[in-house]
Amino acid sequence: MGRKFFVGGNWKCNGTIEEVKKIVTTLNEAEVPSEDVVEVVVSPPFVFLPFVKSLLRSDFQVAAQNCWVRKGGAFTGEISAEMLVNLGVPWVILGHSERRALLNEANEFVGDKVAYALSQGLKVIACVGETLEQRESGSTVAVVAAQTKAIADKVSNWAHIVLAYEPVWAIGTGKVATPAQAQEVHFELRKWLHDNAGAEVAASTRIIYGGSVNGANCKELAAQPDVDGFLVGGASLKPEFIDIAKSATVKKNV
Ligand SMILES: O=C(CO)COP(=O)(O)O
């Protein structure tokens, strides 16, 4: 199948220029498996993107945390996909639950963003995930399927999409999904892709897990057959992010 392990670091709205320098220095000095084994992508806030890109080792890449839904123009405060491409930023995170919840980004809007970013040549880390209430009411699979469908409705080529399953109840809470819980949803998402986007898309699309991943719990999660990597928040600001990148070696096929 050849799904290369993917480890993303979402720095969210954190960091000073001094802290950013420190994190990048730690990353640059770290020993990690080769680019053939793990794809490492860090996502600083917009204002630090060119700085991080200029300092960062060449085997690691950068991602923006969001971009505007269509072509740039009179949209005060927004950053367009074209600008990211112009800066040489290859990736963008879209549909993060914090934006869905705090900025009212609906499924359809996220689908439009993914389609537009792809059309401009960006690669997309597209986030899906259920709230605690949704999990407790038994609607987890329906929720993540609807979020994925909103993307699939607008996109036919999945080659440049990484799907991030991030249960909202696990984000920033220290309450990581168990390996079985993560595997169950990743399996369902892959099945959904199989049934709705085709066997090839299902076999080749990386589905990564996010939500309280750290250096201690990453290996067991990485060992799950449908977990193809991680999207890391809090721990991506710390040296243990390197341990998470190293968990790529857990996969038997590498
Ligand atoms: O939201 C996340 C990554 O996008 C996960 O955040 P935490 O790792 O801090 O739980």
# chains A, B, ... in the order shown; residues from 1 in each chain; ligands from 1
$ residues_near_ligand --ligand "ligand 1" --cutoff "7 Å" --atoms "only C-alpha atoms and all ligand atoms" --output "ChimeraX atom specification"
/A:10,96,166,170-174,210-213,231-235
$ residues_around --residues "Asn217 in chain A" --least-positions-apart "3" --cutoff "10 Å" --atoms "only C-alpha atoms" --output "MDAnalysis selection string"
chainID A and resid 176:179 212:214 220:222 244 247
$ residues_around --residues "Phe230 in chain A" --least-positions-apart "4" --cutoff "7 Å" --atoms "only C-alpha atoms" --output "JSON, numbers by chain"
{"A": [6, 7, 8, 208, 209, 210]}
$ select_by_dssp --residues "range 23-231 of chain A" --states "strand (DSSP E or B)" --output "PyMOL selection string"
chain A and resi 38-43+60-64+91-94+123-128+161-165+207-210+229-231
$ closest_residue --among "A:Leu189, A:Ala164, A:Leu102, A:Ala159" --to "Val128 in chain A" --atoms "only C-alpha atoms"
A:Ala164
$ residues_around --residues "range 81-87 of chain A" --least-positions-apart "6" --cutoff "12 Å" --atoms "only C-alpha atoms" --output "PyMOL selection string"
chain A and resi 46-54+62-73+93-94+113-124
$ write_last_selection --atoms "C-alpha atoms" --output "mmCIF file, in the first residue's frame"
data_model
loop_
_atom_site.group_PDB
_atom_site.id
_atom_site.type_symbol
_atom_site.label_atom_id
_atom_site.label_comp_id
_atom_site.auth_asym_id
_atom_site.auth_seq_id
_atom_site.Cartn_x
_atom_site.Cartn_y
_atom_site.Cartn_z
ATOM 1 C CA PHE A 46 1.165 32.565 9.714
ATOM 2 C CA VAL A 47 3.462 35.347 10.942
ATOM 3 C CA PHE A 48 6.303 32.916 11.592
ATOM 4 C CA LEU A 49 5.910 30.831 8.414
ATOM 5 C CA PRO A 50 8.611 32.449 6.223
ATOM 6 C CA PHE A 51 11.018 32.584 9.175
ATOM 7 C CA VAL A 52 10.502 28.923 10.067
ATOM 8 C CA LYS A 53 10.702 27.873 6.442
ATOM 9 C CA SER A 54 14.026 29.681 6.022
ATOM 10 C CA VAL A 62 5.850 23.619 6.765
ATOM 11 C CA ALA A 63 2.067 23.989 6.770
ATOM 12 C CA ALA A 64 -0.216 26.964 7.296
ATOM 13 C CA GLN A 65 -3.019 26.521 9.833
ATOM 14 C CA ASN A 66 -5.757 27.896 7.594
ATOM 15 C CA CYS A 67 -6.370 29.834 4.396
ATOM 16 C CA TRP A 68 -9.166 31.768 2.726
ATOM 17 C CA VAL A 69 -11.883 29.803 0.959
ATOM 18 C CA ARG A 70 -11.414 31.387 -2.485
ATOM 19 C CA LYS A 71 -9.100 33.673 -4.431
ATOM 20 C CA GLY A 72 -7.687 36.526 -2.368
ATOM 21 C CA GLY A 73 -8.962 40.082 -2.601
ATOM 22 C CA ILE A 93 -4.382 22.486 7.719
ATOM 23 C CA LEU A 94 -8.110 22.984 7.047
ATOM 24 C CA LYS A 113 -11.696 25.472 1.288
ATOM 25 C CA VAL A 114 -10.140 22.063 0.670
ATOM 26 C CA ALA A 115 -11.158 22.139 -2.997
ATOM 27 C CA TYR A 116 -9.841 25.657 -3.536
ATOM 28 C CA ALA A 117 -6.524 25.025 -1.746
ATOM 29 C CA LEU A 118 -5.975 21.879 -3.835
ATOM 30 C CA SER A 119 -6.831 23.749 -7.028
ATOM 31 C CA GLN A 120 -3.999 26.183 -6.272
ATOM 32 C CA GLY A 121 -1.485 23.383 -5.733
ATOM 33 C CA LEU A 122 -1.464 23.174 -1.932
ATOM 34 C CA LYS A 123 -1.538 19.862 -0.094
ATOM 35 C CA VAL A 124 -4.180 19.662 2.615
#
$ select_by_dssp --residues "range 47-217 of chain A" --states "alpha helix (DSSP H)" --output "PDB file with C-alpha atoms, in the first residue's frame"
ATOM      1  CA  LEU A  49       5.910  30.831   8.414  1.00  0.00           C
ATOM      2  CA  PRO A  50       8.611  32.449   6.223  1.00  0.00           C
ATOM      3  CA  PHE A  51      11.018  32.584   9.175  1.00  0.00           C
ATOM      4  CA  VAL A  52      10.502  28.923  10.067  1.00  0.00           C
ATOM      5  CA  LYS A  53      10.702  27.873   6.442  1.00  0.00           C
ATOM      6  CA  SER A  54      14.026  29.681   6.022  1.00  0.00           C
ATOM      7  CA  LEU A  55      15.599  28.082   9.116  1.00  0.00           C
ATOM      8  CA  ALA A  81      -3.965  29.983  -0.854  1.00  0.00           C
ATOM      9  CA  GLU A  82      -2.170  31.938  -3.605  1.00  0.00           C
ATOM     10  CA  MET A  83      -0.025  33.697  -1.007  1.00  0.00           C
ATOM     11  CA  LEU A  84       0.973  30.407   0.577  1.00  0.00           C
ATOM     12  CA  VAL A  85       1.942  29.019  -2.818  1.00  0.00           C
ATOM     13  CA  ASN A  86       3.873  32.216  -3.559  1.00  0.00           C
ATOM     14  CA  LEU A  87       5.847  31.757  -0.317  1.00  0.00           C
ATOM     15  CA  SER A  97     -12.153  21.567  15.170  1.00  0.00           C
ATOM     16  CA  GLU A  98     -11.107  24.773  16.901  1.00  0.00           C
ATOM     17  CA  ARG A  99     -12.058  26.704  13.764  1.00  0.00           C
ATOM     18  CA  ARG A 100     -15.221  24.659  13.249  1.00  0.00           C
ATOM     19  CA  ALA A 101     -16.334  25.333  16.836  1.00  0.00           C
ATOM     20  CA  LEU A 102     -15.022  28.839  17.548  1.00  0.00           C
ATOM     21  CA  ASN A 107     -18.810  21.196   6.737  1.00  0.00           C
ATOM     22  CA  GLU A 108     -19.626  22.703   3.354  1.00  0.00           C
ATOM     23  CA  PHE A 109     -17.340  25.692   3.927  1.00  0.00           C
ATOM     24  CA  VAL A 110     -14.482  23.366   4.859  1.00  0.00           C
ATOM     25  CA  GLY A 111     -15.166  21.313   1.716  1.00  0.00           C
ATOM     26  CA  ASP A 112     -14.960  24.498  -0.382  1.00  0.00           C
ATOM     27  CA  LYS A 113     -11.696  25.472   1.288  1.00  0.00           C
ATOM     28  CA  VAL A 114     -10.140  22.063   0.670  1.00  0.00           C
ATOM     29  CA  ALA A 115     -11.158  22.139  -2.997  1.00  0.00           C
ATOM     30  CA  TYR A 116      -9.841  25.657  -3.536  1.00  0.00           C
ATOM     31  CA  ALA A 117      -6.524  25.025  -1.746  1.00  0.00           C
ATOM     32  CA  LEU A 118      -5.975  21.879  -3.835  1.00  0.00           C
ATOM     33  CA  SER A 119      -6.831  23.749  -7.028  1.00  0.00           C
ATOM     34  CA  LEU A 132     -17.971  14.191  23.435  1.00  0.00           C
ATOM     35  CA  GLU A 133     -21.762  14.580  23.194  1.00  0.00           C
ATOM     36  CA  GLN A 134     -21.744  13.133  19.693  1.00  0.00           C
ATOM     37  CA  ARG A 135     -19.606  10.179  20.819  1.00  0.00           C
ATOM     38  CA  GLU A 136     -21.815   9.512  23.811  1.00  0.00           C
ATOM     39  CA  THR A 140     -19.254   9.339  15.926  1.00  0.00           C
ATOM     40  CA  VAL A 141     -19.143   7.524  12.591  1.00  0.00           C
ATOM     41  CA  ALA A 142     -22.074   9.506  11.170  1.00  0.00           C
ATOM     42  CA  VAL A 143     -20.417  12.791  12.169  1.00  0.00           C
ATOM     43  CA  VAL A 144     -16.985  12.044  10.685  1.00  0.00           C
ATOM     44  CA  ALA A 145     -18.601  10.538   7.582  1.00  0.00           C
ATOM     45  CA  ALA A 146     -20.642  13.730   7.032  1.00  0.00           C
ATOM     46  CA  GLN A 147     -17.516  15.860   7.475  1.00  0.00           C
ATOM     47  CA  THR A 148     -15.613  13.670   5.010  1.00  0.00           C
ATOM     48  CA  LYS A 149     -18.524  13.661   2.557  1.00  0.00           C
ATOM     49  CA  ALA A 150     -18.528  17.464   2.489  1.00  0.00           C
ATOM     50  CA  ILE A 151     -14.936  17.256   1.251  1.00  0.00           C
ATOM     51  CA  ALA A 152     -15.573  14.369  -1.140  1.00  0.00           C
ATOM     52  CA  PRO A 179      -5.546   2.674  20.336  1.00  0.00           C
ATOM     53  CA  ALA A 180      -8.747   0.635  19.837  1.00  0.00           C
ATOM     54  CA  GLN A 181     -10.928   3.750  19.680  1.00  0.00           C
ATOM     55  CA  ALA A 182      -8.611   5.395  17.162  1.00  0.00           C
ATOM     56  CA  GLN A 183      -8.348   2.250  15.043  1.00  0.00           C
ATOM     57  CA  GLU A 184     -12.125   1.796  15.007  1.00  0.00           C
ATOM     58  CA  VAL A 185     -12.778   5.272  13.594  1.00  0.00           C
ATOM     59  CA  HIS A 186      -9.819   5.150  11.191  1.00  0.00           C
ATOM     60  CA  PHE A 187     -11.147   1.825   9.895  1.00  0.00           C
ATOM     61  CA  GLU A 188     -14.607   3.336   9.412  1.00  0.00           C
ATOM     62  CA  LEU A 189     -13.155   6.363   7.619  1.00  0.00           C
ATOM     63  CA  ARG A 190     -11.150   4.117   5.293  1.00  0.00           C
ATOM     64  CA  LYS A 191     -14.271   2.053   4.651  1.00  0.00           C
ATOM     65  CA  TRP A 192     -16.186   5.248   3.888  1.00  0.00           C
ATOM     66  CA  LEU A 193     -13.496   6.281   1.415  1.00  0.00           C
ATOM     67  CA  HIS A 194     -13.605   2.813  -0.139  1.00  0.00           C
ATOM     68  CA  ASP A 195     -17.355   2.934  -0.627  1.00  0.00           C
ATOM     69  CA  ASN A 196     -17.534   6.550  -1.764  1.00  0.00           C
ATOM     70  CA  ALA A 197     -14.219   7.456  -3.366  1.00  0.00           C
ATOM     71  CA  ALA A 199     -10.596   1.281  -3.404  1.00  0.00           C
ATOM     72  CA  GLU A 200      -7.484   3.062  -4.627  1.00  0.00           C
ATOM     73  CA  VAL A 201      -8.250   6.249  -2.651  1.00  0.00           C
ATOM     74  CA  ALA A 202      -9.004   4.178   0.460  1.00  0.00           C
ATOM     75  CA  ALA A 203      -5.774   2.230   0.172  1.00  0.00           C
ATOM     76  CA  SER A 204      -3.530   5.213  -0.451  1.00  0.00           C
TER      77      SER A 204
END
$ closest_residue --among "A:Gly138, A:Gly77, A:Pro44, A:Gly129" --to "Leu56 in chain A" --atoms "only C-alpha atoms"
A:Pro44
$ atom_distance --atom1 "CA of Glu240 in chain A" --atom2 "CA of Pro33 in chain A"
14.7 Å
$ atom_distance --atom1 "CA of Gly95 in chain A" --atom2 "CA of Ile125 in chain A"
8.5 Å
$ closest_residue --among "A:Gly215, A:Pro167, A:Pro239, A:Pro45" --to "Cys13 in chain A" --atoms "only C-alpha atoms"
A:Pro45
$ decode --residues "range 124-247 of chain A" --atoms "C-alpha atoms" --output "PDB file, in the first residue's frame"
ATOM      1  CA  VAL A 124      -4.180  19.662   2.615  1.00  0.00           C
ATOM      2  CA  ILE A 125      -4.386  18.187   6.094  1.00  0.00           C
ATOM      3  CA  ALA A 126      -8.183  17.999   6.431  1.00  0.00           C
ATOM      4  CA  CYS A 127      -9.490  17.554   9.975  1.00  0.00           C
ATOM      5  CA  VAL A 128     -12.597  15.706  11.116  1.00  0.00           C
ATOM      6  CA  GLY A 129     -13.776  14.596  14.541  1.00  0.00           C
ATOM      7  CA  GLU A 130     -16.723  14.301  16.907  1.00  0.00           C
ATOM      8  CA  THR A 131     -17.515  16.066  20.171  1.00  0.00           C
ATOM      9  CA  LEU A 132     -17.971  14.191  23.435  1.00  0.00           C
ATOM     10  CA  GLU A 133     -21.762  14.580  23.194  1.00  0.00           C
ATOM     11  CA  GLN A 134     -21.744  13.133  19.693  1.00  0.00           C
ATOM     12  CA  ARG A 135     -19.606  10.179  20.819  1.00  0.00           C
ATOM     13  CA  GLU A 136     -21.815   9.512  23.811  1.00  0.00           C
ATOM     14  CA  SER A 137     -24.927   9.582  21.659  1.00  0.00           C
ATOM     15  CA  GLY A 138     -23.387   6.992  19.313  1.00  0.00           C
ATOM     16  CA  SER A 139     -23.062   9.265  16.305  1.00  0.00           C
ATOM     17  CA  THR A 140     -19.254   9.339  15.926  1.00  0.00           C
ATOM     18  CA  VAL A 141     -19.143   7.524  12.591  1.00  0.00           C
ATOM     19  CA  ALA A 142     -22.074   9.506  11.170  1.00  0.00           C
ATOM     20  CA  VAL A 143     -20.417  12.791  12.169  1.00  0.00           C
ATOM     21  CA  VAL A 144     -16.985  12.044  10.685  1.00  0.00           C
ATOM     22  CA  ALA A 145     -18.601  10.538   7.582  1.00  0.00           C
ATOM     23  CA  ALA A 146     -20.642  13.730   7.032  1.00  0.00           C
ATOM     24  CA  GLN A 147     -17.516  15.860   7.475  1.00  0.00           C
ATOM     25  CA  THR A 148     -15.613  13.670   5.010  1.00  0.00           C
ATOM     26  CA  LYS A 149     -18.524  13.661   2.557  1.00  0.00           C
ATOM     27  CA  ALA A 150     -18.528  17.464   2.489  1.00  0.00           C
ATOM     28  CA  ILE A 151     -14.936  17.256   1.251  1.00  0.00           C
ATOM     29  CA  ALA A 152     -15.573  14.369  -1.140  1.00  0.00           C
ATOM     30  CA  ASP A 153     -18.499  16.306  -2.668  1.00  0.00           C
ATOM     31  CA  LYS A 154     -16.039  18.974  -3.842  1.00  0.00           C
ATOM     32  CA  VAL A 155     -12.938  16.917  -4.548  1.00  0.00           C
ATOM     33  CA  SER A 156     -12.262  13.955  -6.788  1.00  0.00           C
ATOM     34  CA  ASN A 157      -8.486  13.610  -6.463  1.00  0.00           C
ATOM     35  CA  TRP A 158      -7.385  12.622  -2.950  1.00  0.00           C
ATOM     36  CA  ALA A 159      -3.665  12.316  -3.760  1.00  0.00           C
ATOM     37  CA  HIS A 160      -2.812  15.548  -1.938  1.00  0.00           C
ATOM     38  CA  ILE A 161      -5.081  15.118   1.068  1.00  0.00           C
ATOM     39  CA  VAL A 162      -4.172  13.718   4.463  1.00  0.00           C
ATOM     40  CA  LEU A 163      -7.239  13.068   6.595  1.00  0.00           C
ATOM     41  CA  ALA A 164      -6.771  13.876  10.288  1.00  0.00           C
ATOM     42  CA  TYR A 165      -9.144  12.232  12.757  1.00  0.00           C
ATOM     43  CA  GLU A 166      -9.158  14.455  15.813  1.00  0.00           C
ATOM     44  CA  PRO A 167     -11.858  13.668  18.385  1.00  0.00           C
ATOM     45  CA  VAL A 168     -12.702  17.010  19.996  1.00  0.00           C
ATOM     46  CA  TRP A 169     -12.834  15.464  23.470  1.00  0.00           C
ATOM     47  CA  ALA A 170      -9.205  14.369  23.126  1.00  0.00           C
ATOM     48  CA  ILE A 171      -7.784  17.702  21.968  1.00  0.00           C
ATOM     49  CA  GLY A 172      -5.764  19.502  24.615  1.00  0.00           C
ATOM     50  CA  THR A 173      -7.430  17.481  27.352  1.00  0.00           C
ATOM     51  CA  GLY A 174      -4.809  14.838  28.064  1.00  0.00           C
ATOM     52  CA  LYS A 175      -7.592  12.301  27.344  1.00  0.00           C
ATOM     53  CA  VAL A 176      -6.081  10.473  24.384  1.00  0.00           C
ATOM     54  CA  ALA A 177      -8.261   8.028  22.425  1.00  0.00           C
ATOM     55  CA  THR A 178      -7.318   4.455  23.185  1.00  0.00           C
ATOM     56  CA  PRO A 179      -5.546   2.674  20.336  1.00  0.00           C
ATOM     57  CA  ALA A 180      -8.747   0.635  19.837  1.00  0.00           C
ATOM     58  CA  GLN A 181     -10.928   3.750  19.680  1.00  0.00           C
ATOM     59  CA  ALA A 182      -8.611   5.395  17.162  1.00  0.00           C
ATOM     60  CA  GLN A 183      -8.348   2.250  15.043  1.00  0.00           C
ATOM     61  CA  GLU A 184     -12.125   1.796  15.007  1.00  0.00           C
ATOM     62  CA  VAL A 185     -12.778   5.272  13.594  1.00  0.00           C
ATOM     63  CA  HIS A 186      -9.819   5.150  11.191  1.00  0.00           C
ATOM     64  CA  PHE A 187     -11.147   1.825   9.895  1.00  0.00           C
ATOM     65  CA  GLU A 188     -14.607   3.336   9.412  1.00  0.00           C
ATOM     66  CA  LEU A 189     -13.155   6.363   7.619  1.00  0.00           C
ATOM     67  CA  ARG A 190     -11.150   4.117   5.293  1.00  0.00           C
ATOM     68  CA  LYS A 191     -14.271   2.053   4.651  1.00  0.00           C
ATOM     69  CA  TRP A 192     -16.186   5.248   3.888  1.00  0.00           C
ATOM     70  CA  LEU A 193     -13.496   6.281   1.415  1.00  0.00           C
ATOM     71  CA  HIS A 194     -13.605   2.813  -0.139  1.00  0.00           C
ATOM     72  CA  ASP A 195     -17.355   2.934  -0.627  1.00  0.00           C
ATOM     73  CA  ASN A 196     -17.534   6.550  -1.764  1.00  0.00           C
ATOM     74  CA  ALA A 197     -14.219   7.456  -3.366  1.00  0.00           C
ATOM     75  CA  GLY A 198     -12.958   4.054  -4.466  1.00  0.00           C
ATOM     76  CA  ALA A 199     -10.596   1.281  -3.404  1.00  0.00           C
ATOM     77  CA  GLU A 200      -7.484   3.062  -4.627  1.00  0.00           C
ATOM     78  CA  VAL A 201      -8.250   6.249  -2.651  1.00  0.00           C
ATOM     79  CA  ALA A 202      -9.004   4.178   0.460  1.00  0.00           C
ATOM     80  CA  ALA A 203      -5.774   2.230   0.172  1.00  0.00           C
ATOM     81  CA  SER A 204      -3.530   5.213  -0.451  1.00  0.00           C
ATOM     82  CA  THR A 205      -4.977   8.045   1.668  1.00  0.00           C
ATOM     83  CA  ARG A 206      -3.208   8.609   4.926  1.00  0.00           C
ATOM     84  CA  ILE A 207      -5.483   8.856   7.959  1.00  0.00           C
ATOM     85  CA  ILE A 208      -3.675  10.365  10.921  1.00  0.00           C
ATOM     86  CA  TYR A 209      -4.769  10.695  14.545  1.00  0.00           C
ATOM     87  CA  GLY A 210      -4.741  13.860  16.671  1.00  0.00           C
ATOM     88  CA  GLY A 211      -5.695  14.528  20.283  1.00  0.00           C
ATOM     89  CA  SER A 212      -3.316  14.415  23.269  1.00  0.00           C
ATOM     90  CA  VAL A 213      -0.651  12.458  21.393  1.00  0.00           C
ATOM     91  CA  ASN A 214       2.651  12.450  23.267  1.00  0.00           C
ATOM     92  CA  GLY A 215       5.978  10.656  23.419  1.00  0.00           C
ATOM     93  CA  ALA A 216       4.564   8.020  25.752  1.00  0.00           C
ATOM     94  CA  ASN A 217       1.368   7.019  23.930  1.00  0.00           C
ATOM     95  CA  CYS A 218       2.418   7.374  20.279  1.00  0.00           C
ATOM     96  CA  LYS A 219       3.918   3.927  19.716  1.00  0.00           C
ATOM     97  CA  GLU A 220       0.831   1.967  20.659  1.00  0.00           C
ATOM     98  CA  LEU A 221      -1.323   4.215  18.474  1.00  0.00           C
ATOM     99  CA  ALA A 222       1.158   3.996  15.594  1.00  0.00           C
ATOM    100  CA  ALA A 223       0.967   0.213  15.721  1.00  0.00           C
ATOM    101  CA  GLN A 224      -2.719   0.274  14.697  1.00  0.00           C
ATOM    102  CA  PRO A 225      -3.123  -0.819  11.082  1.00  0.00           C
ATOM    103  CA  ASP A 226      -5.189   2.192   9.965  1.00  0.00           C
ATOM    104  CA  VAL A 227      -3.240   4.840  11.896  1.00  0.00           C
ATOM    105  CA  ASP A 228      -0.831   6.394   9.394  1.00  0.00           C
ATOM    106  CA  GLY A 229       0.621   9.084  11.614  1.00  0.00           C
ATOM    107  CA  PHE A 230      -0.311  11.964  13.879  1.00  0.00           C
ATOM    108  CA  LEU A 231      -1.340  15.577  14.092  1.00  0.00           C
ATOM    109  CA  VAL A 232       0.225  16.785  17.320  1.00  0.00           C
ATOM    110  CA  GLY A 233      -0.711  19.930  19.226  1.00  0.00           C
ATOM    111  CA  GLY A 234       0.822  20.617  22.638  1.00  0.00           C
ATOM    112  CA  ALA A 235       3.636  18.075  22.333  1.00  0.00           C
ATOM    113  CA  SER A 236       4.746  19.550  18.997  1.00  0.00           C
ATOM    114  CA  LEU A 237       6.118  22.540  20.924  1.00  0.00           C
ATOM    115  CA  LYS A 238       8.389  20.252  22.935  1.00  0.00           C
ATOM    116  CA  PRO A 239      11.394  18.020  22.177  1.00  0.00           C
ATOM    117  CA  GLU A 240       9.156  14.932  22.538  1.00  0.00           C
ATOM    118  CA  PHE A 241       7.773  15.765  19.079  1.00  0.00           C
ATOM    119  CA  ILE A 242      10.906  14.005  17.842  1.00  0.00           C
ATOM    120  CA  ASP A 243       9.943  10.826  19.710  1.00  0.00           C
ATOM    121  CA  ILE A 244       6.560  10.992  18.014  1.00  0.00           C
ATOM    122  CA  ALA A 245       8.225  11.313  14.598  1.00  0.00           C
ATOM    123  CA  LYS A 246      10.361   8.306  15.484  1.00  0.00           C
ATOM    124  CA  SER A 247       7.277   6.195  16.160  1.00  0.00           C
TER     125      SER A 247
END
